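**Q** This is the structure, below, for whatever I ask next.
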Amino acid sequence: MENRLDEAASPYLAQHADNPVAWQPWDEAALELARERDVPIFLSIGYAACHWCHVMEEESFEDPAVAERLNENFVPIKVDREERPDVDSVYMSVCQMVRGQGGWPLSVFLTPEGEPFHVGTYFPPEPKRGMPGFGGLLDDIAASWNDPEERAEIEQRAEQWTDAVTGELEDTPETPGEAPDAEFLDAAASSALRGADREHGGWGRGQKFPQPGRIHVLLRAHDRTGRDEYLDVATTTLDAMCAGGLYDHVGGGFHRYCVDRDWTVPHFEKMLYDNAEIPRALLAGYQVTGEKRYADAVRGTFAFVEREMTHPDGGFYSTLDAESETADGEREEGAFYVWTPEEVHEAVDDADADLFCDRYGVTAAGNFENGTTVLTESTSIEALADEYGESVTSVEERLERARERAFEARSERPRPPRDEKVLAGWNGLMVSALAEGALVLDSSYADAATEALDFCRQHLWDADERRLNRRFKDGDVGIPGYLEDYAFLGRGAIHLYEATGDVEHLAFALELGRVVRDAFFDESEGTLYFTPADGEKLLARPQELTDASTPASTGVAVQLLSTLDAVAPDEGFGDVAETVLETHAGTLESNPLSHASLSLAADDRAVGHLELTVAADGLPEAVRAEVGSTYLPTRFLSVRPPEEAGVEEWAGRLGLDEVPPVWANREVRDGEPTVYACRDFTCSPPKHDVSEALAWARSEF
């Protein structure tokens, strides 16, 4: 065997191309090799920004002695979970089922048929804290495989695990329930209250992960019920994410999660999806509260994405690594982001350095490794103004000047490596965030969203085959799209249509929705699967119902289809959405907190969209400003041409036989842009002032 990763497009796989391990990509040739040699497969799944993936590589995969054991007794296969979330989903489910938890790197031993029989995550080179040493584990498994009696036990276990994970991922309830009604949202929000950390924000008492879906549930429930407790938990969490180490106070953007309860020390990798979904939650919080810090964090994040995560032609890269080089050439997690007082004084004018240190808690003792400090908002602006005898405005100006100096100095440090693959689904999340930012903050954000969507259409969408590829990297396009790619990009296209009034974005969303309906929906099971019907056959065909680091693709797909139902009611989108919700009604009712995206989709169906139809040449600025400043969680903002002839032409561009109901008989009045607010087939009188239309909607519903 030879290492076959030298031509891999994935940066994560390319990182392992020089290992002495004879890594194979996940393909039929590798699986056939295992069958021919009659040896187990060692499957290692990770991603480019994964800290412990790097550690295991340095400790084990770069060790010639370990490589010799792997190459002699196994077929080693390396998978990038960001490229192949389907493979990751199947075997991570096994890990969680067997061990009660998972993580990356994911280490799985498989039969040549791909059935798992031993699973773990990171293994140290030598036994440590109850974990077996990796080399010894390889020897034990190889010996067991070559012992006929023990191999029979392995194969029996593999069959049992395979049956269990197939049922876990593929099965649906035999009897569907009733789709949740409008009262379900209150139950979901109440569930979010029970697990909330009221003191520090977020959920749980240990590591803190951003949970944007839960924040959306709470804000929507507060809007519906007026219950202040929902708003308190949501804003406490948003405040903590903005003030703590999760947010990069010098360069903008959010890290992956925090390792402690009080949001101080992050796991430093930056993922595109977090820097899309967290801003969407912040924008909703800003609409509800008017809290300036939320808008500031969104602006800082968008600036970071534009500066550091954007392809020259418009798409968005995937991740920044948690590690970077130190001054002595060693790779350390967080090295790019942490500070000492001496470093602050070297970077910032002495007059402002002490103020900066007081604001962000930079001390000689530090709060991280080796006396360094992760910046957090340790002292309020108001307290600093009192302490320094200055106005709040003066302190803010000095801190901004100091931040700029710190940013310049930090730019000279070795940068974290960047994974430059462009993923369709993650780009869809970012398009949604920027489109919402264009409505709420600044219409110019729509330009970056449009460039990204155009990039995906040009490089990843095959219009003739009506198929979406998942990955673009240095001109290499590959991997058939999954449900999340179609759903996330389709929702992004709809959000961009709302922000711009450009019907081409709506047309693209319709095309993606049609593929979701045709390729991912299984009518007999009443569900949406993560892989298309004609996709690669794995151990199981997974569903994705639970929110994880990204929203559950099933929930976003149902939201997409429900919105498209207002545009093309005769194409069955609403029926698919309703069927999926009925199939999984029991799951939602038993655990809404883990299924926030699907819960929000259920609420969309239960209460119906608030349709705001604007008859005008483009989206008027007055409408953008009013809608953007108003929290309307079930909004569908639909622009149509002012005259009927234009509407008919648009319907043709959407591939519709007739004008959709959301546009029909909602023409311009008196030659001025006209707004119609509608819900449940009841519409306001035509209004020239959007605030009057919204007032009608509030009074009627």
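Chain labels run A, B, ... following the order of the structure tokens; each chain numbers its residues from 1, and ligands are numbered from 1 in the order shown.
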Give one line per residue of stretch 246-282 of chain A that approaches stretch 387-407 of chain A to at most 10 Å, naming the two atoms of the closest pair and their distance in Å to one decimal, counting only C-alpha atoms; sort by chain then ascending residue number and deliver it as CSV.

**A**
residue,atom,partner,partner_atom,distance
A:His249,CA,A:Arg403,CA,8.0
A:Val250,CA,A:Phe407,CA,5.7
A:Gly251,CA,A:Phe407,CA,6.4

**Q** So that I have them on file, write out the residues from the current selection with N, CA and C atoms, as a PDB file, in the first residue's frame.

**A**
ATOM      1  N   HIS A 249     -12.188  39.814  20.585  1.00  0.00           N
ATOM      2  CA  HIS A 249     -12.382  41.242  20.833  1.00  0.00           C
ATOM      3  C   HIS A 249     -11.419  42.130  20.051  1.00  0.00           C
ATOM      4  N   VAL A 250     -10.395  41.554  19.466  1.00  0.00           N
ATOM      5  CA  VAL A 250      -9.465  42.339  18.648  1.00  0.00           C
ATOM      6  C   VAL A 250      -9.828  42.263  17.168  1.00  0.00           C
ATOM      7  N   GLY A 251     -10.109  41.068  16.684  1.00  0.00           N
ATOM      8  CA  GLY A 251     -10.316  40.895  15.244  1.00  0.00           C
ATOM      9  C   GLY A 251     -11.711  40.533  14.816  1.00  0.00           C
TER      10      GLY A 251
END

**Q** Find the residues around A:Ala9 up to 8 Å (only C-alpha atoms counted), leave out those fewer than 5 positions away in its own chain, and share them as a compact mmCIF listing (two decimals) with all heavy atoms, in the first residue's frame.

**A**
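Final file, around-v5.txt:
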# COMPACT_ATOMS: atom_id res chain seq x y z
N ALA A 14 -4.89 16.36 2.94
CA ALA A 14 -3.56 16.74 2.46
C ALA A 14 -2.58 16.87 3.61
O ALA A 14 -1.37 16.63 3.43
CB ALA A 14 -3.65 18.05 1.68
N LYS A 421 -11.36 25.10 1.58
CA LYS A 421 -12.44 24.52 0.78
C LYS A 421 -13.71 25.33 0.99
O LYS A 421 -13.96 25.88 2.07
CB LYS A 421 -12.64 23.05 1.12
CG LYS A 421 -13.12 22.74 2.51
CD LYS A 421 -13.34 21.25 2.66
CE LYS A 421 -13.79 20.87 4.07
NZ LYS A 421 -12.72 20.94 5.05
N LYS A 473 -12.55 23.41 -4.16
CA LYS A 473 -11.22 23.70 -3.59
C LYS A 473 -10.22 23.82 -4.73
O LYS A 473 -9.96 22.84 -5.43
CB LYS A 473 -10.80 22.60 -2.61
CG LYS A 473 -9.37 22.74 -2.09
CD LYS A 473 -9.19 23.96 -1.23
CE LYS A 473 -7.86 23.97 -0.48
NZ LYS A 473 -6.69 23.99 -1.39
N ASP A 474 -9.70 25.02 -4.92
CA ASP A 474 -8.68 25.26 -5.95
C ASP A 474 -9.13 24.74 -7.32
O ASP A 474 -8.34 24.11 -8.05
CB ASP A 474 -7.36 24.61 -5.55
CG ASP A 474 -6.75 25.24 -4.32
OD1 ASP A 474 -7.05 26.43 -4.06
OD2 ASP A 474 -5.98 24.56 -3.62
N ASP A 476 -11.13 22.37 -7.97
CA ASP A 476 -11.62 21.00 -7.92
C ASP A 476 -13.02 20.99 -7.30
O ASP A 476 -13.22 21.50 -6.20
CB ASP A 476 -10.68 20.13 -7.08
CG ASP A 476 -11.09 18.68 -7.07
OD1 ASP A 476 -11.90 18.30 -6.19
OD2 ASP A 476 -10.64 17.93 -7.94

**Q** For A:Ile215, which of A:Met131, A:Met241, A:Leu528, A:Leu33 is the closest residue, counting only C-alpha atoms?

**A** A:Met241

**Q** Run DSSP on the backbone and grab whatever in stretch 325-459 of chain A lands in alpha helix (DSSP H); send it over as a PyMOL selection string.

**A** chain A and resi 341-347+350-360+381-388+392-410+424-440+445-459

**Q** So which one's closest to A:Pro592, A:Asp547, A:Asp442, A:Val422, A:Gly285? Using only C-alpha atoms, please.

**A** A:Asp547
